[in-house]
Amino acid sequence: MRCEDVRLRLDDWVEGNLPAEERRGVVPVVAALRSSLPGTPISIDTTKAEVAAAALDAGANLLNDVWGVGGDDAMARLAAERRVPMIVMHNRTEPRYADLMAELLADLGAALDRARRLGNEPGQLIVDPGFGFGKTPEHNLTVLRELGVLRELGQVRPRLVAVERLERCDHLTVQPDTTGGSQRLV
């Protein structure tokens, strides 16, 4: 399957579909990717545990729970049962915060604690601050500047910084760094 084919197949699928519809759109793509790229990690980004399970069966080997701080335990249970890594992403329905970083840390900390209680190994949990998800462009910049505070979540764990919603960051530019580095994001 060519990249263009994958993109077309995924463009036909939109989040919010019923699980059966989402599964029909995702599983063939995951299977084709697994066949074409046998050693490449494949992540399934979904909010639906039954879609995630089908994607794992088709060859995905990593879950991305885009509502990792939500109240549903199904994705964390699935990751624990299958012993696969899980990305725990921060997300909110509205970008309202009294203290952005304190609330982000509290939300992620609670989600990580819940995932561990459900049987996930700490080393299998990947933290994603959720750029563009429940955050304004200004929030995104604050999170980017303050990424180091994720260390407060405890044990050393992988961290993921994924800027998927680029329209939320179109005001950023890369400029030479005058402090000795090569470039900086402003």
# chains A, B, ... in the order shown; residues from 1 in each chain; ligands from 1

$ closest_atom_pairs --of "segment 5-67 of chain A" --to "segment 105-117 of chain A" --cutoff "12 Å" --atoms "only C-alpha atoms" --output "Markdown table"
| residue | atom | partner | partner_atom | distance |
| --- | --- | --- | --- | --- |
| A:Asp65 | CA | A:Ala111 | CA | 10.6 |
| A:Val66 | CA | A:Ala111 | CA | 11.7 |
| A:Trp67 | CA | A:Ala111 | CA | 9.6 |

$ write_last_selection --atoms "all heavy atoms" --output "mmCIF file, in the first residue's frame"
data_model
loop_
_atom_site.group_PDB
_atom_site.id
_atom_site.type_symbol
_atom_site.label_atom_id
_atom_site.label_comp_id
_atom_site.auth_asym_id
_atom_site.auth_seq_id
_atom_site.Cartn_x
_atom_site.Cartn_y
_atom_site.Cartn_z
ATOM 1 N N ASP A 65 -4.170 6.754 23.845
ATOM 2 C CA ASP A 65 -5.463 7.115 24.410
ATOM 3 C C ASP A 65 -5.563 8.631 24.412
ATOM 4 O O ASP A 65 -5.027 9.301 25.285
ATOM 5 C CB ASP A 65 -5.594 6.558 25.820
ATOM 6 C CG ASP A 65 -6.963 6.785 26.428
ATOM 7 O OD1 ASP A 65 -7.791 7.476 25.794
ATOM 8 O OD2 ASP A 65 -7.204 6.283 27.529
ATOM 9 N N VAL A 66 -6.243 9.174 23.404
ATOM 10 C CA VAL A 66 -6.314 10.626 23.244
ATOM 11 C C VAL A 66 -7.170 11.288 24.322
ATOM 12 O O VAL A 66 -7.179 12.510 24.429
ATOM 13 C CB VAL A 66 -6.783 11.033 21.829
ATOM 14 C CG1 VAL A 66 -5.786 10.550 20.782
ATOM 15 C CG2 VAL A 66 -8.166 10.521 21.528
ATOM 16 N N TRP A 67 -7.869 10.502 25.114
ATOM 17 C CA TRP A 67 -8.554 11.006 26.300
ATOM 18 C C TRP A 67 -7.980 10.309 27.528
ATOM 19 O O TRP A 67 -8.710 9.872 28.408
ATOM 20 C CB TRP A 67 -10.070 10.798 26.217
ATOM 21 C CG TRP A 67 -10.706 11.877 25.415
ATOM 22 C CD1 TRP A 67 -11.113 11.802 24.111
ATOM 23 C CD2 TRP A 67 -10.963 13.217 25.840
ATOM 24 N NE1 TRP A 67 -11.614 13.015 23.713
ATOM 25 C CE2 TRP A 67 -11.541 13.895 24.739
ATOM 26 C CE3 TRP A 67 -10.766 13.918 27.023
ATOM 27 C CZ2 TRP A 67 -11.929 15.239 24.810
ATOM 28 C CZ3 TRP A 67 -11.142 15.235 27.080
ATOM 29 C CH2 TRP A 67 -11.720 15.887 25.984
#

$ residues_around --residues "Val84 of chain A" --least-positions-apart "4" --cutoff "7 Å" --atoms "only C-alpha atoms" --output "PDB file with N, CA and C atoms, in the first residue's frame"
ATOM      1  N   ASN A  61       1.119  -1.944  17.757  1.00  0.00           N
ATOM      2  CA  ASN A  61       1.773  -2.403  18.975  1.00  0.00           C
ATOM      3  C   ASN A  61       1.902  -1.310  20.025  1.00  0.00           C
ATOM      4  N   LEU A  62       1.082  -0.263  19.874  1.00  0.00           N
ATOM      5  CA  LEU A  62       1.129   0.866  20.797  1.00  0.00           C
ATOM      6  C   LEU A  62      -0.235   1.535  20.780  1.00  0.00           C
ATOM      7  N   ALA A  79      -4.505  -2.041  27.434  1.00  0.00           N
ATOM      8  CA  ALA A  79      -3.046  -1.951  27.378  1.00  0.00           C
ATOM      9  C   ALA A  79      -2.409  -2.885  28.405  1.00  0.00           C
ATOM     10  N   ALA A  80      -2.988  -2.954  29.604  1.00  0.00           N
ATOM     11  CA  ALA A  80      -2.457  -3.837  30.646  1.00  0.00           C
ATOM     12  C   ALA A  80      -2.627  -5.305  30.249  1.00  0.00           C
ATOM     13  N   GLN A 124       5.816   1.316  30.574  1.00  0.00           N
ATOM     14  CA  GLN A 124       4.971   1.164  29.387  1.00  0.00           C
ATOM     15  C   GLN A 124       4.089   2.394  29.156  1.00  0.00           C
TER      16      GLN A 124
END

$ closest_residue --among "A:Leu118, A:Ala76, A:Ala102, A:Ile42" --to "Glu152 of chain A" --atoms "only C-alpha atoms"
A:Ala102

$ residues_around --residues "Val143 of chain A" --least-positions-apart "5" --cutoff "9 Å" --atoms "only C-alpha atoms" --output "ChimeraX atom specification"
/A:100-101,104,129,131,138

$ select_by_dssp --residues "segment 41-129 of chain A" --states "strand (DSSP E or B)" --output "JSON, numbers by chain"
{"A": [43, 44, 45, 46, 62, 63, 64, 65, 86, 87, 88, 89, 125, 126, 127, 128]}

$ residues_around --residues "Lys135 of chain A" --least-positions-apart "4" --cutoff "10 Å" --atoms "only C-alpha atoms" --output "list of chain:residue names"
A:His90, A:Asn91, A:Arg92, A:Thr93, A:Glu94, A:Pro95, A:Arg96, A:Tyr97, A:Leu100, A:Gly130, A:Phe131, A:His139, A:Asn140, A:Leu141, A:Thr142, A:Val143, A:Arg168

$ write_last_selection --atoms "C-alpha atoms" --output "mmCIF file, in the first residue's frame"
data_model
loop_
_atom_site.group_PDB
_atom_site.id
_atom_site.type_symbol
_atom_site.label_atom_id
_atom_site.label_comp_id
_atom_site.auth_asym_id
_atom_site.auth_seq_id
_atom_site.Cartn_x
_atom_site.Cartn_y
_atom_site.Cartn_z
ATOM 1 C CA HIS A 90 -3.769 15.276 28.194
ATOM 2 C CA ASN A 91 -7.011 16.596 26.746
ATOM 3 C CA ARG A 92 -9.915 18.779 27.812
ATOM 4 C CA THR A 93 -13.188 19.670 26.157
ATOM 5 C CA GLU A 94 -12.652 23.386 26.845
ATOM 6 C CA PRO A 95 -9.369 25.310 27.177
ATOM 7 C CA ARG A 96 -10.161 26.718 30.620
ATOM 8 C CA TYR A 97 -7.553 26.627 33.364
ATOM 9 C CA LEU A 100 -2.501 25.514 33.289
ATOM 10 C CA GLY A 130 -1.615 17.079 24.278
ATOM 11 C CA PHE A 131 -0.626 20.064 22.166
ATOM 12 C CA HIS A 139 -1.478 27.444 26.287
ATOM 13 C CA ASN A 140 0.479 25.377 23.754
ATOM 14 C CA LEU A 141 3.411 27.793 23.963
ATOM 15 C CA THR A 142 3.341 27.722 27.760
ATOM 16 C CA VAL A 143 3.359 23.923 27.779
ATOM 17 C CA ARG A 168 -2.862 25.682 16.275
#

$ residues_around --residues "Ala49 of chain A" --least-positions-apart "4" --cutoff "8 Å" --atoms "only C-alpha atoms" --output "VMD selection string"
chain A and resid 53 74 to 75 78

$ atom_distance --atom1 "atom CA of Thr46 of chain A" --atom2 "atom CA of Gly123 of chain A"
21.1 Å

$ select_by_dssp --residues "segment 24-178 of chain A" --states "alpha helix (DSSP H)" --output "compact mmCIF listing (two decimals) with N, CA, C and O atoms, in the first residue's frame"
# COMPACT_ATOMS: atom_id res chain seq x y z
N ARG A 24 -13.60 -0.61 10.62
CA ARG A 24 -13.51 -0.92 9.19
C ARG A 24 -12.52 -0.01 8.47
O ARG A 24 -11.89 -0.41 7.51
N GLY A 25 -12.39 1.23 8.93
CA GLY A 25 -11.45 2.16 8.30
C GLY A 25 -10.02 1.97 8.76
O GLY A 25 -9.08 2.15 7.99
N VAL A 26 -9.83 1.58 10.03
CA VAL A 26 -8.50 1.53 10.62
C VAL A 26 -7.80 0.19 10.40
O VAL A 26 -6.61 0.15 10.05
N VAL A 27 -8.50 -0.90 10.59
CA VAL A 27 -7.86 -2.22 10.57
C VAL A 27 -7.14 -2.52 9.26
O VAL A 27 -5.98 -2.97 9.28
N PRO A 28 -7.74 -2.28 8.08
CA PRO A 28 -7.00 -2.58 6.85
C PRO A 28 -5.73 -1.73 6.70
O PRO A 28 -4.72 -2.21 6.17
N VAL A 29 -5.77 -0.51 7.17
CA VAL A 29 -4.59 0.35 7.08
C VAL A 29 -3.49 -0.17 8.00
O VAL A 29 -2.32 -0.27 7.61
N VAL A 30 -3.84 -0.52 9.23
CA VAL A 30 -2.86 -1.05 10.17
C VAL A 30 -2.27 -2.35 9.62
O VAL A 30 -1.05 -2.55 9.64
N ALA A 31 -3.11 -3.24 9.10
CA ALA A 31 -2.63 -4.51 8.55
C ALA A 31 -1.67 -4.27 7.37
O ALA A 31 -0.63 -4.93 7.27
N ALA A 32 -2.01 -3.34 6.49
CA ALA A 32 -1.15 -3.04 5.35
C ALA A 32 0.18 -2.44 5.80
O ALA A 32 1.24 -2.78 5.27
N LEU A 33 0.13 -1.54 6.78
CA LEU A 33 1.36 -0.97 7.31
C LEU A 33 2.22 -2.04 7.95
O LEU A 33 3.44 -2.06 7.75
N ARG A 34 1.62 -2.91 8.73
CA ARG A 34 2.38 -3.97 9.40
C ARG A 34 3.05 -4.87 8.36
O ARG A 34 4.21 -5.26 8.48
N SER A 35 2.32 -5.20 7.30
CA SER A 35 2.87 -6.04 6.24
C SER A 35 4.02 -5.36 5.52
O SER A 35 5.04 -5.98 5.22
N SER A 36 3.87 -4.07 5.26
CA SER A 36 4.89 -3.33 4.51
C SER A 36 6.08 -2.90 5.37
O SER A 36 7.18 -2.75 4.87
N ALA A 49 -11.93 1.37 22.97
CA ALA A 49 -11.12 0.19 23.28
C ALA A 49 -11.35 -0.93 22.28
O ALA A 49 -10.39 -1.64 21.93
N GLU A 50 -12.55 -1.10 21.77
CA GLU A 50 -12.76 -2.20 20.82
C GLU A 50 -12.06 -1.93 19.49
O GLU A 50 -11.59 -2.85 18.84
N VAL A 51 -11.95 -0.68 19.10
CA VAL A 51 -11.19 -0.33 17.90
C VAL A 51 -9.70 -0.57 18.16
O VAL A 51 -8.99 -1.12 17.32
N ALA A 52 -9.23 -0.17 19.33
CA ALA A 52 -7.83 -0.38 19.69
C ALA A 52 -7.49 -1.87 19.70
O ALA A 52 -6.44 -2.27 19.20
N ALA A 53 -8.38 -2.70 20.25
CA ALA A 53 -8.14 -4.15 20.28
C ALA A 53 -8.04 -4.71 18.87
O ALA A 53 -7.15 -5.52 18.58
N ALA A 54 -8.93 -4.29 17.99
CA ALA A 54 -8.89 -4.77 16.60
C ALA A 54 -7.61 -4.31 15.91
O ALA A 54 -7.00 -5.06 15.14
N ALA A 55 -7.17 -3.09 16.19
CA ALA A 55 -5.94 -2.58 15.59
C ALA A 55 -4.73 -3.35 16.12
O ALA A 55 -3.80 -3.65 15.36
N LEU A 56 -4.73 -3.68 17.41
CA LEU A 56 -3.64 -4.50 17.96
C LEU A 56 -3.63 -5.87 17.27
O LEU A 56 -2.57 -6.38 16.91
N ASP A 57 -4.80 -6.45 17.09
CA ASP A 57 -4.89 -7.74 16.40
C ASP A 57 -4.37 -7.65 14.96
O ASP A 57 -3.82 -8.61 14.43
N ALA A 58 -4.53 -6.48 14.34
CA ALA A 58 -4.09 -6.28 12.95
C ALA A 58 -2.61 -5.92 12.85
O ALA A 58 -2.08 -5.87 11.74
N ALA A 74 -11.27 1.63 30.02
CA ALA A 74 -11.20 0.54 29.04
C ALA A 74 -9.87 0.49 28.30
O ALA A 74 -9.30 -0.59 28.10
N MET A 75 -9.35 1.63 27.86
CA MET A 75 -8.08 1.63 27.12
C MET A 75 -6.92 1.20 28.02
O MET A 75 -6.06 0.42 27.60
N ALA A 76 -6.90 1.70 29.25
CA ALA A 76 -5.83 1.31 30.16
C ALA A 76 -5.91 -0.17 30.50
O ALA A 76 -4.88 -0.84 30.61
N ARG A 77 -7.12 -0.69 30.66
CA ARG A 77 -7.27 -2.14 30.90
C ARG A 77 -6.75 -2.95 29.72
O ARG A 77 -6.06 -3.94 29.90
N LEU A 78 -7.09 -2.51 28.51
CA LEU A 78 -6.64 -3.21 27.31
C LEU A 78 -5.12 -3.19 27.22
O LEU A 78 -4.50 -4.23 26.95
N ALA A 79 -4.51 -2.04 27.43
CA ALA A 79 -3.05 -1.95 27.38
C ALA A 79 -2.41 -2.89 28.40
O ALA A 79 -1.42 -3.55 28.11
N ALA A 80 -2.99 -2.95 29.60
CA ALA A 80 -2.46 -3.84 30.65
C ALA A 80 -2.63 -5.30 30.25
O ALA A 80 -1.69 -6.10 30.39
N GLU A 81 -3.81 -5.66 29.75
CA GLU A 81 -4.06 -7.05 29.34
C GLU A 81 -3.12 -7.49 28.23
O GLU A 81 -2.61 -8.61 28.24
N ARG A 82 -2.90 -6.61 27.25
CA ARG A 82 -2.06 -6.96 26.09
C ARG A 82 -0.58 -6.68 26.34
O ARG A 82 0.26 -7.00 25.51
N LEU A 100 -2.69 26.50 34.36
CA LEU A 100 -2.50 25.51 33.29
C LEU A 100 -1.56 24.38 33.68
O LEU A 100 -1.94 23.20 33.61
N MET A 101 -0.34 24.69 34.06
CA MET A 101 0.64 23.63 34.30
C MET A 101 0.30 22.80 35.52
O MET A 101 0.48 21.58 35.51
N ALA A 102 -0.20 23.41 36.56
CA ALA A 102 -0.58 22.65 37.75
C ALA A 102 -1.73 21.70 37.43
O ALA A 102 -1.72 20.53 37.85
N GLU A 103 -2.70 22.16 36.65
CA GLU A 103 -3.83 21.31 36.29
C GLU A 103 -3.42 20.21 35.32
O GLU A 103 -3.88 19.07 35.42
N LEU A 104 -2.53 20.53 34.36
CA LEU A 104 -2.04 19.53 33.43
C LEU A 104 -1.32 18.42 34.19
O LEU A 104 -1.56 17.23 33.96
N LEU A 105 -0.44 18.81 35.13
CA LEU A 105 0.27 17.82 35.93
C LEU A 105 -0.68 16.99 36.79
O LEU A 105 -0.52 15.77 36.90
N ALA A 106 -1.67 17.63 37.38
CA ALA A 106 -2.63 16.90 38.22
C ALA A 106 -3.44 15.92 37.38
O ALA A 106 -3.63 14.77 37.78
N ASP A 107 -3.91 16.37 36.22
CA ASP A 107 -4.69 15.49 35.34
C ASP A 107 -3.86 14.29 34.88
O ASP A 107 -4.32 13.14 34.93
N LEU A 108 -2.64 14.57 34.41
CA LEU A 108 -1.78 13.48 33.94
C LEU A 108 -1.38 12.56 35.08
O LEU A 108 -1.35 11.33 34.92
N GLY A 109 -1.08 13.14 36.24
CA GLY A 109 -0.71 12.32 37.39
C GLY A 109 -1.82 11.36 37.79
O GLY A 109 -1.58 10.18 38.05
N ALA A 110 -3.06 11.85 37.80
CA ALA A 110 -4.20 10.99 38.14
C ALA A 110 -4.38 9.89 37.09
O ALA A 110 -4.67 8.73 37.43
N ALA A 111 -4.21 10.24 35.82
CA ALA A 111 -4.36 9.24 34.74
C ALA A 111 -3.27 8.18 34.83
O ALA A 111 -3.54 6.98 34.65
N LEU A 112 -2.05 8.59 35.12
CA LEU A 112 -0.96 7.62 35.26
C LEU A 112 -1.18 6.72 36.47
O LEU A 112 -0.95 5.50 36.40
N ASP A 113 -1.62 7.29 37.58
CA ASP A 113 -1.92 6.49 38.78
C ASP A 113 -3.01 5.46 38.46
O ASP A 113 -2.89 4.29 38.84
N ARG A 114 -4.06 5.89 37.77
CA ARG A 114 -5.15 4.97 37.42
C ARG A 114 -4.63 3.86 36.51
O ARG A 114 -4.94 2.69 36.71
N ALA A 115 -3.82 4.21 35.51
CA ALA A 115 -3.28 3.21 34.59
C ALA A 115 -2.41 2.19 35.35
O ALA A 115 -2.50 0.98 35.09
N ARG A 116 -1.61 2.65 36.29
CA ARG A 116 -0.79 1.73 37.08
C ARG A 116 -1.66 0.83 37.94
O ARG A 116 -1.40 -0.38 38.06
N ARG A 117 -2.69 1.39 38.56
CA ARG A 117 -3.61 0.57 39.38
C ARG A 117 -4.29 -0.51 38.54
O ARG A 117 -4.62 -1.57 39.05
N PRO A 137 -3.64 28.48 21.53
CA PRO A 137 -2.25 28.63 21.06
C PRO A 137 -1.31 29.13 22.16
O PRO A 137 -0.18 28.66 22.27
N GLU A 138 -1.81 30.02 23.00
CA GLU A 138 -0.98 30.53 24.10
C GLU A 138 -0.69 29.41 25.12
O GLU A 138 0.42 29.31 25.65
N HIS A 139 -1.70 28.59 25.39
CA HIS A 139 -1.48 27.44 26.29
C HIS A 139 -0.41 26.53 25.71
O HIS A 139 0.47 26.03 26.43
N ASN A 140 -0.50 26.26 24.40
CA ASN A 140 0.48 25.38 23.75
C ASN A 140 1.90 25.90 23.94
O ASN A 140 2.82 25.14 24.22
N LEU A 141 2.08 27.20 23.78
CA LEU A 141 3.41 27.79 23.96
C LEU A 141 3.88 27.66 25.41
O LEU A 141 5.05 27.36 25.66
N THR A 142 2.98 27.88 26.34
CA THR A 142 3.34 27.72 27.76
C THR A 142 3.77 26.29 28.05
O THR A 142 4.80 26.07 28.69
N VAL A 143 3.01 25.33 27.56
CA VAL A 143 3.36 23.92 27.78
C VAL A 143 4.71 23.62 27.15
O VAL A 143 5.56 22.95 27.76
N LEU A 144 4.95 24.11 25.94
CA LEU A 144 6.22 23.88 25.27
C LEU A 144 7.38 24.45 26.09
O LEU A 144 8.40 23.79 26.28
N ARG A 145 7.20 25.66 26.60
CA ARG A 145 8.26 26.30 27.40
C ARG A 145 8.49 25.57 28.72
O ARG A 145 9.60 25.59 29.25

$ atom_distance --atom1 "atom CA of Gly132 of chain A" --atom2 "atom CA of Glu22 of chain A"
22.3 Å

$ closest_residue --among "A:Leu125, A:Val161, A:Ala20, A:Ala60" --to "Pro38 of chain A" --atoms "only C-alpha atoms"
A:Ala60
